[in-house]
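The next block is protein.txt, given as compact mmCIF, C-alpha atoms.
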# COMPACT_ATOMS: atom_id res chain seq x y z
CA MET A 4 1.13 41.17 7.98
CA ALA A 5 2.41 42.42 11.26
CA THR A 6 -0.98 43.53 12.46
CA ARG A 7 -2.45 40.09 12.18
CA LYS A 8 -3.69 38.84 15.45
CA LYS A 9 -2.24 35.53 16.45
CA ARG A 10 -4.79 32.92 15.75
CA THR A 11 -5.69 30.35 18.27
CA PRO A 12 -4.15 27.07 17.18
CA ASN A 13 -6.14 26.06 14.23
CA ALA A 14 -6.11 22.36 14.86
CA GLN A 15 -9.82 21.86 14.40
CA ASN A 16 -9.80 23.54 11.05
CA ASP A 17 -10.10 20.68 8.66
CA SER A 18 -12.01 22.35 5.87
CA TRP A 19 -11.22 24.69 3.00
CA VAL A 20 -13.32 26.92 0.79
CA VAL A 21 -12.28 26.63 -2.84
CA VAL A 22 -13.32 28.13 -6.16
CA ALA A 23 -12.21 25.54 -8.70
CA ALA A 24 -12.34 25.22 -12.48
CA ASP A 25 -15.21 22.92 -13.45
CA SER A 26 -12.72 20.62 -15.15
CA VAL A 27 -11.41 19.64 -11.71
CA ILE A 28 -14.75 18.14 -10.74
CA ASP A 29 -15.58 16.89 -14.21
CA SER A 30 -12.34 14.98 -14.24
CA GLN A 31 -13.48 13.15 -11.14
CA LYS A 32 -16.09 11.39 -13.15
CA LYS A 33 -13.28 9.62 -14.94
CA ASN A 34 -11.18 7.00 -13.24
CA SER A 35 -8.93 8.70 -10.72
CA ASP A 36 -9.17 11.56 -8.25
CA PRO A 37 -7.58 14.96 -8.59
CA ALA A 38 -4.84 15.60 -6.05
CA PHE A 39 -3.01 18.51 -4.47
CA VAL A 40 0.74 18.07 -4.83
CA LYS A 41 3.81 19.97 -3.78
CA LEU A 42 6.07 21.00 -6.61
CA ARG A 43 9.04 23.31 -6.98
CA ASN A 44 7.91 26.87 -7.49
CA PRO A 45 9.89 28.19 -10.48
CA SER A 46 10.11 31.69 -9.07
CA THR A 47 11.04 30.94 -5.46
CA ASP A 48 12.63 27.51 -5.95
CA ALA A 49 10.69 26.44 -2.85
CA ALA A 50 7.64 24.23 -2.40
CA SER A 51 4.26 25.47 -3.52
CA LEU A 52 0.93 23.76 -3.74
CA TYR A 53 -0.44 22.76 -7.14
CA MET A 54 -3.03 20.29 -8.32
CA PHE A 55 -3.10 17.54 -10.90
CA GLY A 56 -6.45 16.76 -12.47
CA SER A 57 -7.58 13.24 -12.97
CA GLY A 58 -5.03 11.22 -14.93
CA ASP A 59 -2.57 14.13 -14.57
CA ASP A 60 -3.75 15.54 -17.90
CA GLN A 61 -4.18 19.04 -16.51
CA LEU A 62 -2.05 20.99 -14.04
CA TYR A 63 -3.70 23.58 -11.79
CA GLU A 64 -2.34 26.45 -9.81
CA VAL A 65 -3.60 26.94 -6.25
CA LYS A 66 -3.73 30.48 -4.98
CA ALA A 67 -4.97 31.57 -1.62
CA PHE A 68 -6.95 34.76 -1.36
CA GLU A 69 -7.04 36.09 2.14
CA GLU A 70 -8.00 39.21 3.99
CA ASP A 71 -7.51 39.98 7.63
CA PHE A 72 -10.43 39.44 9.95
CA HIS A 73 -12.70 37.30 7.88
CA SER A 74 -14.53 34.08 8.62
CA TRP A 75 -17.01 31.87 6.80
CA PHE A 76 -20.54 30.73 7.48
CA LEU A 77 -20.87 27.47 5.54
CA GLY A 78 -24.40 26.18 5.91
CA GLN A 79 -24.92 25.74 9.65
CA THR A 80 -21.23 25.89 10.54
CA VAL A 81 -18.67 28.55 11.26
CA GLN A 82 -15.17 28.40 9.85
CA GLN A 83 -12.73 30.74 11.47
CA ASP A 84 -10.28 30.77 8.58
CA GLY A 85 -11.72 33.18 6.01
CA LYS A 86 -9.35 32.12 3.27
CA LEU A 87 -10.58 31.41 -0.25
CA LEU A 88 -8.54 29.18 -2.54
CA PHE A 89 -8.60 29.48 -6.31
CA VAL A 90 -7.75 26.45 -8.43
CA THR A 91 -7.10 27.55 -12.02
CA PRO A 92 -5.59 25.75 -15.03
CA MET A 93 -1.85 26.30 -15.25
CA ASP A 94 0.65 26.05 -18.08
CA PRO A 95 2.93 23.14 -17.07
CA LEU A 96 5.75 24.64 -19.10
CA TYR A 97 6.46 27.17 -16.33
CA LEU A 98 7.26 24.32 -13.95
CA ILE A 99 9.08 22.28 -16.58
CA LEU A 100 11.36 25.13 -17.57
CA PRO A 101 13.68 25.16 -14.51
CA TYR A 102 14.47 21.47 -15.03
CA LEU A 103 15.24 22.02 -18.71
CA ILE A 104 17.44 24.99 -17.92
CA LYS A 105 19.34 22.99 -15.33
CA SER A 106 19.96 20.06 -17.64
CA GLY A 107 20.65 22.39 -20.56
CA LYS A 108 23.77 23.64 -18.82
CA GLU A 109 25.54 20.60 -20.18
CA GLY A 110 24.58 21.72 -23.67
CA LYS A 111 23.49 18.26 -24.73
CA PHE A 112 20.29 17.04 -26.29
CA GLN A 113 18.64 14.70 -23.79
CA PRO A 114 15.61 12.44 -23.55
CA VAL A 115 13.17 14.57 -21.64
CA ASP A 116 12.22 11.94 -19.07
CA GLN A 117 15.81 11.91 -17.83
CA VAL A 118 15.56 15.57 -17.00
CA PHE A 119 12.79 15.26 -14.44
CA ILE A 120 14.54 13.77 -11.48
CA ASP A 121 14.12 15.71 -8.27
CA GLU A 122 14.48 13.98 -4.93
CA GLU A 123 12.69 16.72 -3.10
CA PHE A 124 9.75 16.74 -5.47
CA PRO A 125 9.36 13.27 -6.92
CA ALA A 126 5.97 14.27 -8.31
CA CYS A 127 7.71 16.52 -10.85
CA SER A 128 7.89 13.73 -13.41
CA ARG A 129 4.09 13.78 -13.51
CA LEU A 130 4.35 17.15 -15.24
CA LEU A 131 5.23 15.27 -18.41
CA ASN A 132 1.88 13.47 -18.32
CA CYS A 133 0.01 16.73 -18.80
CA THR A 134 -1.61 16.83 -22.21
CA ARG A 135 0.04 20.08 -23.14
CA SER A 136 3.56 19.38 -21.91
CA LEU A 137 5.21 17.40 -24.68
CA ALA A 138 3.27 19.21 -27.36
CA SER A 139 4.59 22.57 -26.22
CA LEU A 140 8.20 21.77 -25.38
CA HIS A 141 9.31 23.29 -28.68
CA HIS A 142 8.43 26.71 -27.25
CA VAL A 143 11.35 26.45 -24.85
CA ALA A 144 13.65 23.82 -26.32
CA GLU A 145 15.20 22.64 -29.55
CA GLU A 146 14.05 19.22 -30.62
CA LYS A 147 15.90 16.44 -32.34
CA GLU A 148 14.42 13.20 -33.51
CA VAL A 149 16.52 10.10 -33.87
CA GLY A 150 14.46 7.21 -35.05
CA SER A 151 11.48 7.07 -32.76
CA LEU A 152 13.29 8.87 -29.95
CA LYS A 153 13.00 12.55 -29.22
CA PHE A 154 15.73 14.63 -27.62
CA HIS A 155 15.51 18.16 -26.26
CA ARG A 156 17.86 20.97 -25.39
CA TYR A 157 16.88 24.17 -23.61
CA SER A 158 16.83 27.23 -25.86
CA ARG A 159 16.96 30.64 -24.25
CA ASP A 160 15.95 32.39 -27.47
CA ARG A 161 12.88 30.27 -27.90
CA THR A 162 11.99 30.69 -24.25
CA LEU A 163 12.21 34.47 -24.42
CA ASN A 164 10.01 34.53 -27.52
CA TRP A 165 7.51 32.29 -25.80
CA LEU A 166 7.51 34.49 -22.71
CA LYS A 167 7.07 37.57 -24.85
CA LYS A 168 3.92 36.05 -26.31
CA LYS A 169 2.74 35.34 -22.78
CA VAL A 170 3.27 38.99 -21.88
CA GLU A 171 1.36 40.10 -24.97
CA ARG A 172 -1.58 37.86 -24.12
CA THR A 173 -1.60 39.24 -20.61
CA VAL A 174 -1.53 42.84 -21.82
CA ILE A 175 -4.59 42.13 -23.96
CA ALA A 176 -6.41 40.63 -20.98
CA LEU A 177 -5.51 43.59 -18.78
CA LYS A 178 -6.70 46.04 -21.39
CA LYS A 179 -9.87 44.16 -22.06
CA ARG A 180 -10.67 44.28 -18.44
CA ASN A 181 -9.86 47.91 -18.26
CA ILE A 182 -12.21 48.75 -21.11
CA SER A 183 -15.06 46.94 -19.52
CA VAL A 184 -14.72 48.72 -16.23
CA GLY A 185 -12.89 51.95 -17.05
CA GLU A 186 -15.72 53.93 -18.60
CA GLY A 187 -17.67 56.81 -17.20
CA VAL A 188 -16.51 59.23 -14.60
CA LYS A 189 -13.46 57.27 -13.69
CA SER A 190 -12.02 57.29 -17.18
CA THR A 191 -12.06 61.08 -17.33
CA THR A 192 -10.00 61.09 -14.18
CA TYR A 193 -7.70 58.70 -15.91
CA VAL A 194 -7.21 60.84 -18.99
CA ARG A 195 -6.39 63.78 -16.81
CA VAL A 196 -3.82 61.85 -14.86
CA LYS A 197 -2.05 60.10 -17.73
CA PRO A 198 -2.23 61.83 -21.06
CA GLU A 199 0.72 60.13 -22.74
CA SER A 200 -0.46 56.99 -24.42
CA ASP A 201 3.07 55.67 -24.97
CA HIS A 202 3.72 55.56 -21.29
CA HIS A 203 0.39 53.95 -20.90
CA GLU A 204 1.47 51.09 -23.15
CA GLU A 205 4.69 50.66 -21.25
CA ASP A 206 2.76 50.50 -17.99
CA TYR A 207 0.77 47.60 -19.31
CA LEU A 208 3.89 45.83 -20.53
CA ARG A 209 5.66 46.28 -17.25
CA TYR A 210 2.70 45.12 -15.29
CA ALA A 211 2.23 42.03 -17.46
CA HIS A 212 5.96 41.38 -17.16
CA GLY A 213 5.56 41.50 -13.40
CA LEU A 214 2.74 38.99 -13.49
CA ILE A 215 4.68 36.56 -15.70
CA SER A 216 7.73 37.01 -13.48
CA GLU A 217 5.82 35.22 -10.72
CA TYR A 218 6.38 32.06 -12.74
CA ILE A 219 10.02 32.35 -13.81
CA SER A 220 13.41 32.77 -12.20
CA GLU A 221 14.73 36.21 -11.43
CA ASP A 222 17.44 35.75 -14.03
CA LEU A 223 14.91 34.96 -16.74
CA SER A 224 12.71 37.81 -15.59
CA LYS A 225 15.57 40.26 -16.16
CA ALA A 226 16.34 38.79 -19.57
CA LEU A 227 12.67 39.07 -20.51
CA LEU A 228 12.66 42.72 -19.56
CA GLN A 229 15.50 43.29 -22.02
CA HIS A 230 13.79 41.19 -24.64
CA LEU A 231 10.73 43.42 -24.29
CA GLN A 232 13.09 46.38 -24.72
CA LEU A 233 12.09 47.80 -21.42
CA PRO A 234 14.93 49.49 -19.57
CA GLU A 235 15.53 48.19 -16.11
CA LEU A 236 14.30 50.71 -13.64
CA THR A 237 16.89 52.02 -11.29
CA SER A 238 15.49 53.40 -8.13
CA PRO A 239 17.24 53.26 -4.78
CA LYS A 240 14.97 50.39 -3.89
CA ASP A 241 16.42 48.21 -6.61
CA THR A 242 19.64 47.89 -4.77
CA GLU A 243 17.93 46.29 -1.84
CA PRO A 244 17.89 42.53 -1.89
CA PRO A 245 14.60 41.23 -3.23
CA LEU A 246 12.43 40.73 -0.21
CA LYS A 247 10.87 37.40 -0.84
CA LYS A 248 13.48 35.76 -3.00
CA ARG A 249 14.54 32.70 -1.22
CA LYS A 250 18.20 32.24 -0.50
CA LEU A 251 19.78 29.31 -2.22
CA SER A 252 19.20 26.33 -0.08
CA ASP A 253 18.06 22.86 -0.74
CA LYS A 254 15.46 22.75 1.95
CA PRO A 255 11.85 22.90 0.93
CA VAL A 256 9.56 25.28 2.68
CA GLU A 257 8.16 23.06 5.35
CA ALA A 258 4.46 22.97 5.02
CA GLY A 259 2.71 23.25 8.32
CA GLU A 260 -0.23 21.23 9.41
CA ASP A 261 -2.44 23.58 7.49
CA TYR A 262 -1.22 22.83 4.04
CA THR A 263 -3.16 25.63 2.47
CA LYS A 264 -0.56 27.96 3.92
CA PHE A 265 1.83 27.15 1.11
CA ASN A 266 0.60 29.51 -1.40
CA SER A 267 -0.95 32.27 0.55
CA ALA A 268 2.40 33.94 0.93
CA ASP A 269 2.88 33.38 -2.72
CA PHE A 270 -0.38 35.02 -3.46
CA ALA A 271 0.19 38.00 -1.26
CA ARG A 272 3.73 38.33 -2.45
CA LYS A 273 4.73 41.62 -3.81
CA PRO A 274 5.93 41.85 -7.36
CA PRO A 275 9.71 42.05 -7.44
CA LYS A 276 11.23 45.26 -6.19
CA LYS A 277 12.16 46.29 -9.67
CA MET A 278 8.46 46.70 -10.28
CA SER A 279 8.28 49.70 -8.06
CA ALA A 280 7.89 52.17 -10.90
CA ALA A 281 5.31 49.95 -12.47
CA GLN A 282 3.56 49.89 -9.17
CA LYS A 283 3.61 53.63 -9.16
CA SER A 284 2.13 53.72 -12.60
CA LEU A 285 -0.43 51.25 -11.42
CA ALA A 286 -1.39 53.55 -8.66
CA LYS A 287 -2.40 55.90 -11.43
CA VAL A 288 -4.02 53.18 -13.43
CA ASP A 289 -5.97 52.51 -10.28
CA LYS A 290 -8.18 55.36 -11.14
CA THR A 291 -9.38 53.63 -14.26
CA GLY A 292 -10.86 50.88 -12.22
CA MET A 293 -7.79 48.67 -12.30
CA LYS A 294 -7.33 48.98 -8.61
CA PRO A 295 -8.62 45.47 -8.40
CA MET A 296 -5.47 44.08 -9.99
CA SER A 297 -2.96 46.08 -8.05
CA SER A 298 -4.36 45.53 -4.63
CA PHE A 299 -5.13 42.00 -5.59
CA PHE A 300 -1.57 41.10 -6.36
CA SER A 301 0.34 43.45 -4.18
CA PRO A 302 -1.68 44.41 -1.16
CA LYS A 303 1.25 46.25 0.35
CA VAL A 304 1.87 48.61 -2.54
CA LYS A 305 0.59 51.59 -0.68
CA ALA A 306 2.68 51.02 2.37
CA GLU A 307 5.73 50.46 0.23
CA LYS A 308 5.47 53.72 -1.62
CA ASN A 309 6.01 55.70 1.52
CA MET B 2 2.42 17.35 7.99
CA SER B 3 5.65 15.80 7.01
CA CYS B 4 7.15 16.34 3.62
CA ASN B 5 6.75 12.64 2.96
CA SER B 6 3.08 13.06 2.44
CA ASN B 7 3.23 15.15 -0.66
CA VAL B 8 -0.15 14.32 -2.02
CA ILE B 9 -3.64 15.24 -0.89
CA ARG B 10 -6.29 13.38 -2.78
CA VAL B 11 -9.63 15.03 -3.49
CA LEU B 12 -12.58 12.66 -3.28
CA PRO B 13 -15.98 13.27 -4.85
CA PRO B 14 -18.98 13.93 -2.58
CA VAL B 15 -20.76 11.01 -1.00
CA GLY B 16 -24.06 10.63 -2.81
CA GLN B 17 -25.87 13.75 -3.95
CA GLU B 18 -23.89 16.97 -3.77
CA GLN B 19 -25.05 19.13 -0.93
CA ARG B 20 -25.62 22.81 -1.62
CA VAL B 21 -25.15 25.20 1.26
CA PRO B 22 -25.54 28.96 1.66
CA VAL B 23 -22.12 30.58 2.00
CA HIS B 24 -21.43 33.88 3.75
CA LEU B 25 -18.09 35.66 4.01
CA MET B 26 -18.16 37.63 7.26
CA PRO B 27 -16.17 40.84 7.84
CA CYS B 28 -14.84 39.71 11.20
CA GLU B 29 -12.88 36.86 12.63
CA ILE B 30 -14.98 34.41 14.59
CA GLU B 31 -12.93 32.25 16.89
CA HIS B 32 -14.86 29.10 16.38
CA ASN B 33 -14.85 26.12 14.07
CA GLY B 34 -17.97 24.04 14.10
CA SER B 35 -21.72 24.18 14.14
CA ALA B 36 -23.73 27.33 14.77
CA GLN B 37 -27.36 28.30 14.35
CA VAL B 38 -26.72 30.41 11.29
CA SER B 39 -30.18 30.23 9.76
CA GLU B 40 -31.93 30.93 13.04
CA TYR B 41 -29.92 33.89 14.24
CA PHE B 42 -28.24 35.29 11.13
CA THR B 43 -30.08 34.47 7.93
CA ALA B 44 -33.40 35.10 9.65
CA THR B 45 -32.57 38.77 10.17
CA MET B 46 -31.41 39.35 6.58
CA LYS B 47 -33.24 42.01 4.60
CA ASP B 48 -33.13 42.14 0.84
CA ARG B 49 -34.21 45.47 -0.59
CA LYS B 50 -33.41 47.17 -3.88
CA HIS B 51 -30.39 44.97 -4.55
CA GLU B 52 -29.00 45.80 -1.18
CA LYS B 53 -28.81 43.19 1.49
CA THR B 54 -28.58 44.17 5.11
CA VAL B 55 -28.28 42.17 8.26
CA SER B 56 -27.60 42.79 11.88
CA PHE B 57 -24.82 40.77 13.47
CA ARG B 58 -23.84 41.29 17.10
CA GLY B 59 -25.52 44.66 16.99
CA ARG B 60 -23.58 45.85 13.95
CA GLY B 61 -25.24 46.64 10.68
CA LEU B 62 -23.70 44.77 7.77
CA LYS B 63 -24.21 45.47 4.08
CA GLY B 64 -23.90 42.60 1.70
CA GLN B 65 -23.96 41.51 -1.88
CA GLU B 66 -24.38 38.23 -3.63
CA LEU B 67 -21.48 37.20 -5.85
CA SER B 68 -21.48 34.45 -8.44
CA CYS B 69 -18.52 32.19 -9.07
CA PRO B 70 -16.77 33.06 -12.35
CA GLN B 71 -18.07 31.30 -15.42
CA GLY B 72 -16.67 27.78 -15.66
CA TYR B 73 -15.94 27.71 -11.94
CA THR B 74 -17.67 26.10 -8.99
CA GLY B 75 -17.35 26.72 -5.29
CA LEU B 76 -16.38 23.72 -3.20
CA VAL B 77 -16.06 23.09 0.49
CA LEU B 78 -13.39 20.47 1.08
CA LYS B 79 -13.24 18.58 4.34
CA GLU B 80 -10.39 16.43 5.50
CA VAL B 81 -11.32 12.80 6.10
CA ASN B 82 -9.44 10.56 8.51
CA LYS B 83 -6.19 12.33 9.14
CA PRO B 84 -3.56 9.68 8.55
CA GLY B 85 -1.82 8.35 11.61
CA SER B 86 1.56 8.23 9.95
CA ASP B 87 3.52 10.55 7.72
CA GLN B 88 3.72 7.99 5.01
CA GLU B 89 0.05 7.94 4.17
CA ASP B 90 -1.50 10.39 1.76
CA ARG B 91 -3.98 12.85 3.11
CA THR B 92 -7.48 12.93 1.76
CA VAL B 93 -10.12 15.62 1.47
CA ARG B 94 -13.67 15.17 0.31
CA ILE B 95 -16.01 17.61 -1.41
CA SER B 96 -18.56 18.12 1.35
CA SER B 97 -20.67 20.73 -0.40
CA VAL B 98 -20.78 22.95 -3.46
CA PHE B 99 -21.93 26.50 -4.15
CA ASN B 100 -22.35 28.72 -7.20
CA LYS B 101 -22.72 31.98 -5.36
CA LEU B 102 -21.75 33.43 -2.06
CA THR B 103 -22.80 36.46 -0.07
CA TYR B 104 -20.10 38.70 1.27
CA TRP B 105 -20.69 41.26 3.96
CA ASN B 106 -19.06 44.59 4.63
CA LEU B 107 -19.15 46.47 7.86
CA GLU B 108 -20.80 49.85 7.14
CA THR B 109 -19.49 50.41 3.58
CA PRO B 110 -21.88 49.40 0.80
CA PRO B 111 -20.55 46.61 -1.42
CA ASN B 112 -18.79 47.91 -4.53
CA SER B 113 -16.59 46.72 -7.35
CA ASP B 114 -13.42 47.66 -5.48
CA ASP B 115 -14.05 45.13 -2.74
CA THR B 116 -11.23 42.64 -2.73
CA ILE B 117 -13.43 39.60 -2.98
CA VAL B 118 -15.00 41.06 -6.12
CA MET B 119 -11.53 41.60 -7.58
CA ALA B 120 -10.47 38.12 -6.63
CA MET B 121 -13.22 36.71 -8.81
CA ASP B 122 -11.37 38.24 -11.79
CA TRP B 123 -8.32 36.09 -11.19
CA PRO B 124 -9.43 33.13 -13.37
CA GLU B 125 -9.76 35.40 -16.41
CA LEU B 126 -6.29 36.82 -15.92
CA ALA B 127 -4.88 33.39 -15.16
CA GLU B 128 -6.21 32.23 -18.51
CA ALA B 129 -4.13 34.89 -20.25
CA ILE B 130 -1.03 33.90 -18.30
CA HIS B 131 -1.50 30.15 -18.70
CA GLY B 132 -3.42 29.62 -21.92
CA PRO B 133 -1.51 28.16 -24.89
CA VAL B 134 0.37 30.61 -27.13
CA ASP B 135 0.39 30.44 -30.92
CA ASP B 136 3.41 29.07 -32.71

What would you get if you wrote out this structure as structure tokens?
Amino acid sequence: MATRKKRTPNAQNDSWVVVAADSVIDSQKKNSDPAFVKLRNPSTDAASLYMFGSGDDQLYEVKAFEEDFHSWFLGQTVQQDGKLLFVTPMDPLYLILPYLIKSGKEGKFQPVDQVFIDEEFPACSRLLNCTRSLASLHHVAEEKEVGSLKFHRYSRDRTLNWLKKKVERTVIALKKRNISVGEGVKSTTYVRVKPESDHHEEDYLRYAHGLISEYISEDLSKALLQHLQLPELTSPKDTEPPLKKRKLSDKPVEAGEDYTKFNSADFARKPPKKMSAAQKSLAKVDKTGMKPMSSFFSPKVKAEKN
Amino acid sequence: MSCNSNVIRVLPPVGQEQRVPVHLMPCEIEHNGSAQVSEYFTATMKDRKHEKTVSFRGRGLKGQELSCPQGYTGLVLKEVNKPGSDQEDRTVRISSVFNKLTYWNLETPPNSDDTIVMAMDWPELAEAIHGPVDD
């Protein structure tokens, strides 16, 4: 955001406003405390902020929601930073997948705990403690049992089927939301703008694909597009290098003093460039009351269309 | 913060959870710290026909109360004792909780297109993206 005024050094800011799943606080009543941790973001390959619930049994995603020129009144105090963090339950498989893919290049079945070694992000092995992790590995890997030992090998086919189901779930959620808000005057506008229901369906698919792509590598995102039988969109923009894709480098994104910075870029990040047509279709969907989603996830859509 | 300190622990509140009124202001206030919010801001709030109005620095603001999504709670986290060295973990503590907040617009009446209203939909969408899939 080029227009953002440079903030005065934010050294005194030592507090954060968070909307968190109740399970985060409930888990505190057990034995250990929840904790923010840095883990490798599967889409950017860089550091992002996540949270483990008590006992690591649940992984949470941390997203920063931020608008220019906002501040908080919290009781009898002022907080300059008007950011709002969301802490929502996350599927650990998205973060597990890159490690499986990497080890799967050797083509061997391996004990899964040998796969999670990452000097930059030592906390990654904690992903395996999540309740859902081991139980859902079969969605992305082939399993072999030898005696009491289990071995896994990454399966691209299984992964694509799993991701397809994710997309389908997301489409349903998007539609459900649309129905609840898209009635009345706005929906007549909508019908006038987009009469072809087939296209409509594809718009949903593409949009859901874009959302899921925030959690997978670019390579997998392209493969998923094919798996969904959606042609890759070729617009002049596609030839440009993806804006926010990080160049291959082993360095983590250095988190500043204000650690909540990590994910705000992530949150404000535009969907990949190849989404541009989907974004266009979204601009139409906007009129149904879905504007929330589009501006929510890609605040710069409008500027980009020009 | 060095990359050595990868963990930030979240501690429960000390004693009874404190509930505070929370307002999201449509301007940047270059201050962190105490202010007489209830005396000079909340005191001038008017609540009529589901529309809240208030005057702040001579500007008329229009506001709306917003509840946290179902199954979610608002928390204010405060850092306790910044560690002296990079090796120590950082710690934040839940200093207060809230179930609803009031957000204020400059001039425009609050409506469902306001970004903060949209943001409250994120947990529902996140559930679709992250919930378990059938076999």

Considering only C-alpha atoms, tabulate each residue of chain A that lies at most 6 Å from chain B along with its nearest interatomic pair and the corresponding distance in Å to one decimal; arrange the rows by chain and ascending residue number and present them as JSON lines.
{"residue": "A:Asp17", "atom": "CA", "partner": "B:Glu80", "partner_atom": "CA", "distance": 5.3}
{"residue": "A:Ser18", "atom": "CA", "partner": "B:Lys79", "partner_atom": "CA", "distance": 4.3}
{"residue": "A:Trp19", "atom": "CA", "partner": "B:Leu78", "partner_atom": "CA", "distance": 5.1}
{"residue": "A:Val20", "atom": "CA", "partner": "B:Val77", "partner_atom": "CA", "distance": 4.7}
{"residue": "A:Val21", "atom": "CA", "partner": "B:Leu76", "partner_atom": "CA", "distance": 5.0}
{"residue": "A:Val22", "atom": "CA", "partner": "B:Gly75", "partner_atom": "CA", "distance": 4.4}
{"residue": "A:Ala23", "atom": "CA", "partner": "B:Tyr73", "partner_atom": "CA", "distance": 5.4}
{"residue": "A:Ala24", "atom": "CA", "partner": "B:Tyr73", "partner_atom": "CA", "distance": 4.4}
{"residue": "A:Asp25", "atom": "CA", "partner": "B:Tyr73", "partner_atom": "CA", "distance": 5.1}
{"residue": "A:Asp36", "atom": "CA", "partner": "B:Val11", "partner_atom": "CA", "distance": 5.9}
{"residue": "A:Pro37", "atom": "CA", "partner": "B:Val11", "partner_atom": "CA", "distance": 5.5}
{"residue": "A:Ala38", "atom": "CA", "partner": "B:Arg10", "partner_atom": "CA", "distance": 4.2}
{"residue": "A:Phe39", "atom": "CA", "partner": "B:Ile9", "partner_atom": "CA", "distance": 4.9}
{"residue": "A:Val40", "atom": "CA", "partner": "B:Val8", "partner_atom": "CA", "distance": 4.8}
{"residue": "A:Lys41", "atom": "CA", "partner": "B:Asn7", "partner_atom": "CA", "distance": 5.8}
{"residue": "A:Phe72", "atom": "CA", "partner": "B:Glu29", "partner_atom": "CA", "distance": 4.5}
{"residue": "A:His73", "atom": "CA", "partner": "B:Cys28", "partner_atom": "CA", "distance": 4.6}
{"residue": "A:Ser74", "atom": "CA", "partner": "B:Glu29", "partner_atom": "CA", "distance": 5.2}
{"residue": "A:Trp75", "atom": "CA", "partner": "B:Leu25", "partner_atom": "CA", "distance": 4.8}
{"residue": "A:Phe76", "atom": "CA", "partner": "B:His24", "partner_atom": "CA", "distance": 5.0}
{"residue": "A:Leu77", "atom": "CA", "partner": "B:Val23", "partner_atom": "CA", "distance": 4.9}
{"residue": "A:Gly78", "atom": "CA", "partner": "B:Val21", "partner_atom": "CA", "distance": 4.8}
{"residue": "A:Gln79", "atom": "CA", "partner": "B:Val38", "partner_atom": "CA", "distance": 5.3}
{"residue": "A:Thr80", "atom": "CA", "partner": "B:Ser35", "partner_atom": "CA", "distance": 4.0}
{"residue": "A:Val81", "atom": "CA", "partner": "B:Asn33", "partner_atom": "CA", "distance": 5.3}
{"residue": "A:Gln82", "atom": "CA", "partner": "B:Asn33", "partner_atom": "CA", "distance": 4.8}
{"residue": "A:Gln83", "atom": "CA", "partner": "B:Ile30", "partner_atom": "CA", "distance": 5.3}
{"residue": "A:Met93", "atom": "CA", "partner": "B:His131", "partner_atom": "CA", "distance": 5.2}
{"residue": "A:Asp94", "atom": "CA", "partner": "B:His131", "partner_atom": "CA", "distance": 4.7}
{"residue": "A:Arg172", "atom": "CA", "partner": "B:Ala129", "partner_atom": "CA", "distance": 5.5}
{"residue": "A:Thr173", "atom": "CA", "partner": "B:Ala129", "partner_atom": "CA", "distance": 5.0}
{"residue": "A:Gly259", "atom": "CA", "partner": "B:Met2", "partner_atom": "CA", "distance": 5.9}
{"residue": "A:Glu260", "atom": "CA", "partner": "B:Met2", "partner_atom": "CA", "distance": 4.9}
{"residue": "A:Pro295", "atom": "CA", "partner": "B:Met119", "partner_atom": "CA", "distance": 4.9}

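Candidate residues A:Thr134, A:Gln232, A:Asn16, A:Ser57 were compared for distance to Glu205 in chain A, and the nearest is A:Gln232, using only C-alpha atoms.
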
Q.
Between CA of Asp29 in chain A and CA of Pro92 in chain A, what is the distance in Å, rounded to a tenth?
A. 13.4 Å

**Q.** Option closest in space to Asp160 in chain A, from A:Leu100, A:Lys225, A:Gly58, A:His142 [counting all atoms listed in the file]
**A.** A:His142

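Going from CA of Glu64 in chain A to CA of Glu146 in chain A covers 27.5 Å.
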